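Written below as structure tokens is the structure these notes are about.
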2 protein chains.
Amino acid sequence: MPDTPPEAPTSATAGDPEAGFLLDPRLEADTIHLGDLPLSRALLMNDARFPWLILVPRRAGASEIADLDEVDATALMGEIRLSARLLAEIAGPDKTNVGALGNIVTQLHVHIVARFLSDPAWPGPVWGHGARTPYPPHAAHALVERLRAAFAAA
Amino acid sequence: MPDTPPEAPTSATAGDPEAGFLLDPRLEADTIHLGDLPLSRALLMNDARFPWLILVPRRAGASEIADLDEVDATALMGEIRLSARLLAEIAGPDKTNVGALGNIVTQLHVHIVARFLSDPAWPGPVWGHGARTPYPPHAAHALVERLRAAFAAA
């Protein structure tokens with residue numbers, strides 16, 4: 001018998017590291033898919049109040065950043081920085097907020113939010129602030145196309 | 001004349017990367033110093049409502065995670081994970097929240113907060129929630145000694 005049967009890989013590289021990954025249905029309902037980076041699914045929060053990206057590492061069962069292995073954690077940091085740069089180029093924020101909370105949706109996900117002195121939650125956090133305001137269809141389309149192109153070119 | 005005179009280093013490694021770093025006075029006033037990791041100053045938020053660490057990369061002028069170079073960003077991710085593990089061991093939280101906001105204090109700093117279903121802000125974020133409640137002196141002393149020892153041994 002083999003030491004590591006296929007049904008019980010002993011490390012993330014022994015099988016498909018994305019096996020079993022399924023986007024949380026609440027994240028799916030609130031966001032628009034932008035593309036898949038090497039580690040993470042990139043999403044746009046469908047909330048016109050704030051330019052707001054979400055990265056979801058495609059690792060089943062991960063809830064905390066500490067649940068990732070070191071290679072994935074380094075990749076996540078790179079994808080956070082890439083997302084922050086794209087968002088800064090497109091939105092020109094006064095500040096960028098980065099957060100991994102997961103108090104409601106436990107699937108590991110990282111928020112990258114462009115913040116403005118003039119936005120409705122400033123200087124407080126966006127999480128838990130009022131109700132999500134979906135983009136008007138045309139505005140979402142233009143922004144989504146720009147972000148998809150930027151992620152694809154990155 | 002040298003190509004890179006000492007008064008104008010062309011990269012972070014050309015001089016002391018910590019040159020000019022000074023902890024923001026608001027962070028200093030609200031926290032207790034735990035120790036210095038290779039990149040970051042580790043602080044305990046003096047707020048008995050939440051076990052709450054803050055990491056401040058010792059890089060003058062950094063405000064965004066994207067302001068760090070790639071080596072420092074990878075180091076920061078490692079120190080976030082270390083801090084989350086120590087906090088989990090000591091506090092046993094239901095969830096760990098990680099955030100880099102900086103809407104009020106712009107000096108780059110990362111919060112690592114142990115969250116509990118029973119805590120006063122759950123499931124909302126801790127930032128901007130009510131007023132900081134300093135530890136009673138004896139409680140702070142015991143916790144600070146444990147955290148200092150854990151960081152020093154890490």
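Identifiers for the structure tokens are assigned positionally: chains receive A, B, ... in sequence, residues are indexed from 1 per chain, and ligands are indexed from 1 in the order shown.
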Chain A contacts on chain B, only C-alpha atoms, 6 Å, as JSON, numbers by chain: {"B": [66, 74, 81, 97, 98, 99, 100, 101, 103, 123, 124, 128]}
I need the helix (DSSP H, G or I) residues of segment 43-131 of chain A per DSSP on the backbone, written as a ChimeraX atom specification. /A:65-67,70-91
Let me see the file: selected residues, C-alpha atoms, as a PDB file, in the first residue's frame.
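Result saved to again00.pdb:
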```pdb
ATOM      1  CA  ILE A  65      -4.991  33.740   7.897  1.00  0.00           C
ATOM      2  CA  ALA A  66      -3.068  31.383  10.198  1.00  0.00           C
ATOM      3  CA  ASP A  67      -4.898  28.440   8.565  1.00  0.00           C
ATOM      4  CA  GLU A  70       3.432  29.916   4.628  1.00  0.00           C
ATOM      5  CA  VAL A  71       3.563  29.805   0.824  1.00  0.00           C
ATOM      6  CA  ASP A  72      -0.126  30.630   0.543  1.00  0.00           C
ATOM      7  CA  ALA A  73       0.157  33.370   3.173  1.00  0.00           C
ATOM      8  CA  THR A  74       2.950  35.045   1.220  1.00  0.00           C
ATOM      9  CA  ALA A  75       0.882  34.739  -1.964  1.00  0.00           C
ATOM     10  CA  LEU A  76      -2.094  36.271  -0.178  1.00  0.00           C
ATOM     11  CA  MET A  77      -0.002  39.249   0.917  1.00  0.00           C
ATOM     12  CA  GLY A  78       1.094  39.744  -2.693  1.00  0.00           C
ATOM     13  CA  GLU A  79      -2.504  39.591  -3.929  1.00  0.00           C
ATOM     14  CA  ILE A  80      -3.614  42.049  -1.229  1.00  0.00           C
ATOM     15  CA  ARG A  81      -0.920  44.484  -2.376  1.00  0.00           C
ATOM     16  CA  LEU A  82      -1.847  44.001  -6.029  1.00  0.00           C
ATOM     17  CA  SER A  83      -5.530  44.603  -5.247  1.00  0.00           C
ATOM     18  CA  ALA A  84      -4.715  47.705  -3.214  1.00  0.00           C
ATOM     19  CA  ARG A  85      -2.612  49.104  -6.067  1.00  0.00           C
ATOM     20  CA  LEU A  86      -5.326  48.477  -8.689  1.00  0.00           C
ATOM     21  CA  LEU A  87      -7.966  49.992  -6.445  1.00  0.00           C
ATOM     22  CA  ALA A  88      -5.761  53.021  -5.780  1.00  0.00           C
ATOM     23  CA  GLU A  89      -5.204  53.524  -9.510  1.00  0.00           C
ATOM     24  CA  ILE A  90      -8.893  53.221 -10.346  1.00  0.00           C
ATOM     25  CA  ALA A  91     -10.451  54.974  -7.354  1.00  0.00           C
TER      26      ALA A  91
END
```
What separation in Å, quoted to one decimal, exists between atom CA of Phe151 of chain B and atom CA of Pro57 of chain B?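 Going from atom CA of Phe151 of chain B over to atom CA of Pro57 of chain B, I get 15.3 Å.
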Using only C-alpha atoms, determine which residues lie at most 12 Å from Glu145 of chain A, disregarding the query and same-chain residues fewer than 2 positions distant; provide the list as a compact mmCIF listing (two decimals) with C-alpha atoms, in the first residue's frame.
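Final output, saved to out_30.txt:
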```txt
# COMPACT_ATOMS: atom_id res chain seq x y z
CA ILE A 32 -19.49 40.32 -8.58
CA HIS A 33 -16.79 37.91 -9.78
CA LEU A 34 -13.75 39.70 -11.22
CA GLY A 35 -11.31 36.86 -11.82
CA LEU A 44 -16.13 43.31 -6.20
CA ILE A 90 -8.89 53.22 -10.35
CA HIS A 138 -24.49 50.56 -15.91
CA ALA A 139 -22.04 51.81 -13.25
CA ALA A 140 -21.29 48.27 -12.12
CA HIS A 141 -20.67 47.15 -15.70
CA ALA A 142 -18.07 49.85 -16.43
CA LEU A 143 -16.22 49.35 -13.14
CA LEU A 147 -11.20 45.77 -12.81
CA ARG A 148 -11.41 42.52 -14.78
CA ALA A 149 -9.00 43.92 -17.36
CA ALA A 150 -6.63 45.18 -14.66
CA PHE A 151 -6.58 41.85 -12.81
CA ALA A 152 -6.16 39.91 -16.05
```
How many Å separate atom CA of His109 of chain A from atom CA of Gly130 of chain B?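 According to the coordinates, atom CA of His109 of chain A and atom CA of Gly130 of chain B are separated by 25.8 Å.
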Applying 9 Å and only C-alpha atoms, which residues near Gly61 of chain A remain after dropping the ones on its own chain fewer than 4 positions away? List them as a ChimeraX atom specification. /A:20-21,67,107-108
As a ChimeraX atom specification, please: every residue in segment 43-123 of chain B that DSSP puts in strand (DSSP E or B). /B:43-45,52-57,95-100,110-115
